[in-house]
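The structure file work.cif is reproduced below (mmCIF, C-alpha atoms).
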data_structure
loop_
_atom_site.label_atom_id
_atom_site.label_comp_id
_atom_site.auth_asym_id
_atom_site.auth_seq_id
_atom_site.Cartn_x
_atom_site.Cartn_y
_atom_site.Cartn_z
CA MET Z 334 -66.07 66.20 -53.31
CA ALA Z 335 -62.70 67.31 -54.66
CA ASP Z 336 -60.93 65.02 -52.21
CA ALA Z 337 -62.78 61.88 -53.33
CA VAL Z 338 -59.76 60.50 -55.20
CA ILE Z 339 -57.51 61.14 -52.17
CA VAL Z 340 -59.98 59.27 -49.94
CA VAL Z 341 -60.07 56.37 -52.41
CA ALA Z 342 -56.25 56.20 -52.54
CA LEU Z 343 -55.99 56.35 -48.73
CA LEU Z 344 -58.56 53.55 -48.38
CA LEU Z 345 -56.64 51.43 -50.92
CA VAL Z 346 -53.37 51.91 -49.02
CA ALA Z 347 -55.03 51.12 -45.67
CA GLY Z 348 -56.73 48.04 -47.10
CA SER Z 349 -53.65 46.64 -48.82
CA ALA Z 350 -51.40 47.34 -45.82
CA THR Z 351 -53.85 45.53 -43.52
CA ALA Z 352 -54.01 42.62 -45.97
CA ALA Z 353 -50.19 42.47 -46.13
CA VAL Z 354 -50.10 42.07 -42.35
CA ALA Z 355 -53.00 39.60 -42.22
CA VAL Z 356 -51.62 37.22 -44.88
CA ARG Z 357 -49.26 34.73 -43.23
CA ASP Z 358 -47.46 32.95 -46.10
CA PRO Z 359 -44.38 35.00 -47.22
CA VAL Z 360 -44.92 34.23 -50.92
CA ARG Z 361 -48.49 35.52 -50.84
CA GLN Z 362 -47.33 38.43 -48.71
CA ALA Z 363 -44.97 39.42 -51.55
CA LEU Z 364 -47.94 39.55 -53.92
CA VAL Z 365 -49.91 41.80 -51.55
CA LEU Z 366 -46.79 43.97 -51.05
CA ALA Z 367 -46.56 44.52 -54.81
CA VAL Z 368 -50.16 45.80 -54.83
CA LEU Z 369 -49.38 47.94 -51.76
CA GLY Z 370 -46.47 49.52 -53.64
CA VAL Z 371 -48.73 50.47 -56.55
CA ALA Z 372 -51.40 51.83 -54.17
CA LEU Z 373 -48.77 53.94 -52.37
CA ALA Z 374 -47.54 55.31 -55.70
CA VAL Z 375 -51.10 56.34 -56.59
CA LEU Z 376 -51.49 57.99 -53.16
CA PHE Z 377 -48.27 59.99 -53.64
CA THR Z 378 -49.50 61.05 -57.08
CA VAL Z 379 -52.84 62.37 -55.84
CA LEU Z 380 -50.96 64.20 -53.05
CA GLN Z 381 -48.95 65.94 -55.83
CA ALA Z 382 -45.61 64.24 -55.14
CA PRO Z 383 -44.81 62.53 -58.48
CA ASP Z 384 -41.07 62.21 -57.81
CA VAL Z 385 -41.70 60.20 -54.65
CA ALA Z 386 -44.27 58.12 -56.54
CA LEU Z 387 -41.71 57.39 -59.26
CA SER Z 388 -39.17 55.91 -56.86
CA GLN Z 389 -41.93 54.12 -54.94
CA LEU Z 390 -43.06 52.45 -58.19
CA ALA Z 391 -39.56 51.21 -58.99
CA VAL Z 392 -38.92 49.90 -55.48
CA GLY Z 393 -42.39 48.72 -54.48
CA SER Z 394 -43.62 46.97 -57.59
CA VAL Z 395 -40.48 45.06 -58.63
CA LEU Z 396 -37.55 45.19 -56.19
CA THR Z 397 -39.28 44.32 -52.91
CA PRO Z 398 -41.16 41.27 -54.27
CA LEU Z 399 -38.03 40.08 -56.10
CA LEU Z 400 -35.89 40.27 -52.95
CA LEU Z 401 -38.60 38.57 -50.85
CA LEU Z 402 -39.11 35.73 -53.31
CA LEU Z 403 -35.35 35.13 -53.73
CA THR Z 404 -34.97 35.03 -49.93
CA VAL Z 405 -37.85 32.57 -49.53
CA ARG Z 406 -36.33 30.37 -52.24
CA LYS Z 407 -32.88 30.36 -50.62
CA VAL Z 408 -34.29 29.59 -47.14
CA LYS Z 409 -36.37 26.73 -48.55
CA ARG Z 410 -33.36 25.21 -50.35
CA ARG Z 411 -31.20 25.43 -47.24
CA GLY Z 412 -33.98 23.72 -45.25
CA GLN Z 413 -34.15 20.89 -47.80
CA ARG Z 414 -30.37 20.40 -47.74
CA LYS Z 415 -30.34 20.23 -43.95
CA GLY Z 416 -33.24 17.76 -44.02
CA ARG Z 417 -31.26 15.49 -46.37
CA GLU Z 418 -28.12 15.61 -44.22
CA GLN Z 419 -29.90 14.59 -41.05
CA MET K 71 -62.83 67.80 -59.39
CA ASN K 72 -63.50 67.23 -63.07
CA GLY K 73 -64.61 64.27 -65.14
CA TRP K 74 -61.08 62.91 -65.54
CA THR K 75 -60.31 62.69 -61.83
CA LEU K 76 -63.80 61.33 -61.16
CA THR K 77 -63.19 58.55 -63.70
CA ALA K 78 -59.77 57.90 -62.15
CA ALA K 79 -61.40 57.62 -58.71
CA LEU K 80 -63.93 55.15 -60.12
CA VAL K 81 -61.22 53.05 -61.81
CA LEU K 82 -59.14 53.09 -58.61
CA GLY K 83 -62.03 52.30 -56.28
CA GLY K 84 -63.72 49.68 -58.44
CA GLY K 85 -60.83 48.13 -60.34
CA VAL K 86 -57.87 48.29 -57.97
CA GLY K 87 -60.20 47.69 -54.99
CA ALA K 88 -61.43 44.49 -56.63
CA THR K 89 -57.87 43.34 -57.37
CA LEU K 90 -56.97 44.06 -53.74
CA TRP K 91 -59.74 41.67 -52.67
CA GLY K 92 -58.49 39.14 -55.23
CA VAL K 93 -54.86 39.33 -54.08
CA ALA K 94 -55.73 39.01 -50.37
CA THR K 95 -57.95 35.92 -50.62
CA GLY K 96 -58.29 32.73 -52.61
CA PRO K 97 -55.84 30.28 -54.22
CA LEU K 98 -52.39 31.31 -55.47
CA ARG K 99 -53.44 31.30 -59.15
CA ARG K 100 -56.11 33.93 -58.45
CA ARG K 101 -53.66 36.07 -56.48
CA VAL K 102 -51.04 36.29 -59.23
CA VAL K 103 -53.72 37.24 -61.78
CA ALA K 104 -55.04 39.92 -59.40
CA GLN K 105 -51.51 41.30 -58.91
CA ASN K 106 -51.07 41.54 -62.70
CA LEU K 107 -54.44 43.27 -63.06
CA SER K 108 -53.66 45.79 -60.30
CA THR K 109 -50.81 47.28 -62.35
CA ALA K 110 -52.86 47.07 -65.56
CA LEU K 111 -55.66 49.09 -63.91
CA ALA K 112 -53.50 51.57 -61.95
CA CYS K 113 -51.74 52.66 -65.16
CA PRO K 114 -54.93 54.03 -66.88
CA ALA K 115 -55.87 55.65 -63.56
CA LEU K 116 -52.52 57.49 -63.48
CA LEU K 117 -53.05 58.62 -67.10
CA LEU K 118 -56.51 59.95 -66.19
CA LEU K 119 -55.07 61.73 -63.13
CA SER K 120 -52.39 63.43 -65.23
CA GLN K 121 -55.10 64.75 -67.56
CA GLY K 122 -57.35 65.68 -64.61
CA TYR K 123 -54.62 67.70 -62.86
CA ASP K 124 -53.54 69.15 -66.24
CA ARG K 125 -49.92 68.11 -65.63
CA PRO K 126 -48.54 66.36 -68.73
CA SER K 127 -45.36 65.38 -66.86
CA TYR K 128 -47.39 62.95 -64.71
CA VAL K 129 -47.61 60.73 -67.82
CA ASP K 130 -44.05 59.62 -66.91
CA LEU K 131 -45.50 57.78 -63.91
CA ALA K 132 -47.85 55.80 -66.13
CA LEU K 133 -44.94 55.11 -68.51
CA VAL K 134 -42.79 53.71 -65.69
CA LEU K 135 -45.69 51.64 -64.37
CA ALA K 136 -46.47 50.28 -67.84
CA LEU K 137 -42.80 49.21 -68.10
CA LEU K 138 -42.27 47.85 -64.58
CA GLY K 139 -45.69 46.29 -63.90
CA PRO K 140 -45.26 43.43 -66.39
CA VAL K 141 -41.64 43.02 -65.22
CA GLY K 142 -42.90 42.48 -61.66
CA THR K 143 -45.47 39.95 -62.88
CA LEU K 144 -42.74 38.14 -64.85
CA VAL K 145 -40.68 37.94 -61.63
CA PHE K 146 -43.61 36.17 -59.96
CA ALA K 147 -44.21 33.96 -63.02
CA ARG K 148 -40.54 32.87 -63.06
CA LEU K 149 -40.02 32.33 -59.33
CA LEU K 150 -43.42 30.74 -58.67
CA SER K 151 -43.43 28.62 -61.83
CA GLY K 152 -43.10 25.41 -59.81
CA GLU K 153 -46.18 26.14 -57.69
CA LEU K 154 -48.19 27.48 -60.64
CA ALA K 155 -47.39 24.55 -62.95
CA GLY K 156 -49.83 22.18 -61.28
CA ASP K 157 -52.66 24.70 -61.17
CA PRO K 158 -52.11 27.24 -63.97
CA PRO K 159 -54.15 30.47 -63.85
CA ARG K 160 -56.67 31.04 -66.64
CA ALA K 161 -57.91 34.62 -66.84
CA GLN K 162 -58.45 35.43 -70.51
CA GLY K 163 -61.66 37.40 -69.89
CA VAL K 164 -60.46 39.81 -67.20
CA THR K 165 -57.08 40.28 -68.90
CA TRP K 166 -58.73 41.35 -72.16
CA ALA K 167 -61.18 43.54 -70.22
CA ALA K 168 -58.29 45.35 -68.48
CA ALA K 169 -56.44 45.70 -71.80
CA GLY K 170 -59.62 47.10 -73.39
CA LEU K 171 -60.02 49.61 -70.55
CA GLY K 172 -56.40 50.74 -70.99
CA ALA K 173 -56.87 51.12 -74.75
CA ALA K 174 -60.14 53.05 -74.27
CA VAL K 175 -58.53 55.44 -71.77
CA VAL K 176 -55.53 56.03 -74.06
CA LEU K 177 -57.84 56.72 -77.02
CA ALA K 178 -59.98 59.16 -75.01
CA LEU K 179 -56.85 61.02 -73.83
CA CYS K 180 -55.48 61.12 -77.40
CA VAL K 181 -58.72 62.77 -78.53
CA ALA K 182 -58.45 65.23 -75.61
CA VAL K 183 -54.80 66.29 -76.16
CA GLY K 184 -54.94 66.41 -79.96
CA PRO K 185 -52.10 65.50 -82.34
CA GLY K 186 -48.54 66.23 -81.31
CA ARG K 187 -45.70 64.96 -79.17
CA ALA K 188 -47.93 64.33 -76.13
CA MET K 189 -50.16 62.10 -78.23
CA ALA K 190 -47.17 60.04 -79.43
CA LYS K 191 -46.10 59.55 -75.80
CA LEU K 192 -49.62 58.46 -74.86
CA LEU K 193 -49.66 55.95 -77.72
CA VAL K 194 -46.29 54.54 -76.57
CA VAL K 195 -47.66 54.17 -73.02
CA GLY K 196 -50.79 52.45 -74.33
CA ALA K 197 -48.82 50.02 -76.50
CA LEU K 198 -46.49 49.16 -73.60
CA LEU K 199 -49.46 48.74 -71.25
CA VAL K 200 -51.54 46.45 -73.46
CA GLY K 201 -48.59 44.48 -74.87
CA GLY K 202 -46.82 44.03 -71.54
CA ASN K 203 -50.04 43.01 -69.82
CA LEU K 204 -50.85 40.36 -72.42
CA VAL K 205 -47.30 38.97 -72.35
CA ALA K 206 -47.30 38.83 -68.54
CA SER K 207 -50.69 37.12 -68.48
CA ARG K 208 -49.51 34.54 -71.03
CA ALA K 209 -46.37 33.90 -68.96
CA LEU K 210 -48.48 33.37 -65.83
CA SER K 211 -50.67 30.76 -67.53
CA GLY K 212 -47.55 28.84 -68.57
CA GLY K 213 -47.38 29.93 -72.21
CA PHE K 214 -43.59 30.28 -72.07
CA ARG K 215 -42.88 27.22 -69.95
CA GLU K 216 -40.49 25.76 -72.52
CA VAL K 217 -38.44 28.97 -72.37
CA SER K 218 -38.30 29.12 -68.57
CA ARG K 219 -37.20 25.49 -68.40
CA GLY K 220 -34.32 25.95 -70.83
#

Encoded form (structure tokens):
Amino acid sequence: MADAVIVVALLLVAGSATAAVAVRDPVRQALVLAVLGVALAVLFTVLQAPDVALSQLAVGSVLTPLLLLLTVRKVKRRGQRKGREQ
Amino acid sequence: MNGWTLTAALVLGGGVGATLWGVATGPLRRRVVAQNLSTALACPALLLLSQGYDRPSYVDLALVLALLGPVGTLVFARLLSGELAGDPPRAQGVTWAAAGLGAAVVLALCVAVGPGRAMAKLLVVGALLVGGNLVASRALSGGFREVSRG
């Protein structure tokens, strides 16, 4: 009974990680990754590791989606430029 | 296991579980709203956990999440503004429900800790949570489109 919150956090991480793999479009994958970062931070908190959770929050909820979206944007623009040149 | 951690488990399982379903399926406008709600619901859960474990320093986690969650949503709102412009998300009801849950949790914790420095910190977290969530939701639905264009 005392481990109910740990089980819930583990299930959330497993579910969001599976969803992140199953979603194919990179933009939507970034959205699922942001939720995965928050779920991981909650898991680290219930496992009594708040310092790890703190860095996971900063990296997982903002930095990873930002880098992914910027990369997708740059790749798309390069593809459009190449399409125009041909 | 006390009432606080039980409530946190319920918020996590019901709220964040539902947003996980929302972010994994459906059109893009539903996914961005679900991503915004996931941070807005995880923050009260972290507050409840800090009270349940009787560790006031865990409130820092909720503070960081209340600050960075809306920032992450604003990143999506800015970089996906082209795709969201044709089909803007409308989620007034769930946004206000999540904001109400956050405010209710903060009020309950304020009553539990009593007046003092910890209560001031909780109130700051609550204000950041509700305000940031409402601003991020408004940005998603295109409320600041004139700003993002300029």

May I have the residues of chain K within 10 Å of chain Z, counting only C-alpha atoms, written as an MDAnalysis selection string? chainID K and resid 71:72 75:80 82:84 86:87 89:95 97:98 101:102 104:109 112:113 115:116 119:120 123 127:132 134:135 137:146 149:150

So how many Å separate CA of Lys191 in chain K and CA of Ala110 in chain K, to one decimal?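 So the answer is 17.5 Å.
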
Identify, on the basis of all atoms listed in the file, every residue whose closest approach to Gly156 in chain K does not exceed 12 Å; exclude the query and any residue fewer than 2 positions from it along the same chain; express the result as an mmCIF file with C-alpha atoms, keeping the file's coordinate frame.
data_model
loop_
_atom_site.group_PDB
_atom_site.id
_atom_site.type_symbol
_atom_site.label_atom_id
_atom_site.label_comp_id
_atom_site.auth_asym_id
_atom_site.auth_seq_id
_atom_site.Cartn_x
_atom_site.Cartn_y
_atom_site.Cartn_z
ATOM 1 C CA LEU K 98 -52.390 31.310 -55.470
ATOM 2 C CA ARG K 99 -53.440 31.300 -59.150
ATOM 3 C CA LEU K 150 -43.420 30.740 -58.670
ATOM 4 C CA SER K 151 -43.430 28.620 -61.830
ATOM 5 C CA GLY K 152 -43.100 25.410 -59.810
ATOM 6 C CA GLU K 153 -46.180 26.140 -57.690
ATOM 7 C CA LEU K 154 -48.190 27.480 -60.640
ATOM 8 C CA PRO K 158 -52.110 27.240 -63.970
ATOM 9 C CA PRO K 159 -54.150 30.470 -63.850
ATOM 10 C CA SER K 211 -50.670 30.760 -67.530
ATOM 11 C CA GLY K 212 -47.550 28.840 -68.570
#

From the list K:Val176, K:Val183, K:Asp157, K:Val205, which residue is nearest Leu133 in chain K when using all atoms listed in the file?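 Looking at the shortest contact to Leu133 in chain K, the residue is K:Val176.
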
Would you kindly return, as a list in words, each protein, DNA or RNA residue with an atom no farther than 8 Å from any atom of Leu111 in chain K, considering only C-alpha atoms and excluding same-chain residues fewer than 6 positions away?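 Those residues are Val81, Leu82, Gly85, Val86, Ala168, Leu171 and Gly172 of chain K.
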
Determine, counting all atoms listed in the file, which protein, DNA and RNA residues have an atom within 9 Å of an atom of Ala173 in chain K; residues of the same chain fewer than 2 positions away are not included. Present the result as a PyMOL selection string. chain K and resi 114+168-171+175-178+196-197+199-200

Hey, can you spit out that residue selection with C-alpha atoms as an mmCIF file, in the frame of the given file?
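Result went into out_27.cif, see below:
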data_model
loop_
_atom_site.group_PDB
_atom_site.id
_atom_site.type_symbol
_atom_site.label_atom_id
_atom_site.label_comp_id
_atom_site.auth_asym_id
_atom_site.auth_seq_id
_atom_site.Cartn_x
_atom_site.Cartn_y
_atom_site.Cartn_z
ATOM 1 C CA PRO K 114 -54.930 54.030 -66.880
ATOM 2 C CA ALA K 168 -58.290 45.350 -68.480
ATOM 3 C CA ALA K 169 -56.440 45.700 -71.800
ATOM 4 C CA GLY K 170 -59.620 47.100 -73.390
ATOM 5 C CA LEU K 171 -60.020 49.610 -70.550
ATOM 6 C CA VAL K 175 -58.530 55.440 -71.770
ATOM 7 C CA VAL K 176 -55.530 56.030 -74.060
ATOM 8 C CA LEU K 177 -57.840 56.720 -77.020
ATOM 9 C CA ALA K 178 -59.980 59.160 -75.010
ATOM 10 C CA GLY K 196 -50.790 52.450 -74.330
ATOM 11 C CA ALA K 197 -48.820 50.020 -76.500
ATOM 12 C CA LEU K 199 -49.460 48.740 -71.250
ATOM 13 C CA VAL K 200 -51.540 46.450 -73.460
#

Which neighbours of Val181 in chain K fall inside 12 Å, counting all atoms listed in the file, when residues of the same chain fewer than 6 positions from it are skipped, and could you give them as a PyMOL selection string? chain K and resi 121+174-175+188-190+192-193

How many Å lie between CA of Lys407 in chain Z and CA of Ala155 in chain K, rounded to one decimal?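 About the pair CA of Lys407 in chain Z and CA of Ala155 in chain K: they are 19.9 Å apart.
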
Take the PyMOL selection byres ((chain K and resi 165) around 8), run it mentally on this structure, and tell me the resulting residues as a list in words.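 Against this file, the PyMOL selection byres ((chain K and resi 165) around 8) returns the residues Leu107, Ala161, Gln162, Gly163, Val164, Trp166, Ala167, Ala168, Ala169, Asn203, Leu204 and Ser207 of chain K.
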
Write out the residues from the selection above, keeping C-alpha atoms, as a tab-separated table (two decimals), in the frame of the given file.
chain	number	residue	atom	x	y	z
K	107	LEU	CA	-54.44	43.27	-63.06
K	161	ALA	CA	-57.91	34.62	-66.84
K	162	GLN	CA	-58.45	35.43	-70.51
K	163	GLY	CA	-61.66	37.40	-69.89
K	164	VAL	CA	-60.46	39.81	-67.20
K	166	TRP	CA	-58.73	41.35	-72.16
K	167	ALA	CA	-61.18	43.54	-70.22
K	168	ALA	CA	-58.29	45.35	-68.48
K	169	ALA	CA	-56.44	45.70	-71.80
K	203	ASN	CA	-50.04	43.01	-69.82
K	204	LEU	CA	-50.85	40.36	-72.42
K	207	SER	CA	-50.69	37.12	-68.48

Straight-line distance linking CA of Asp124 in chain K with CA of Arg187 in chain K, stated in Å to one decimal: 15.7 Å
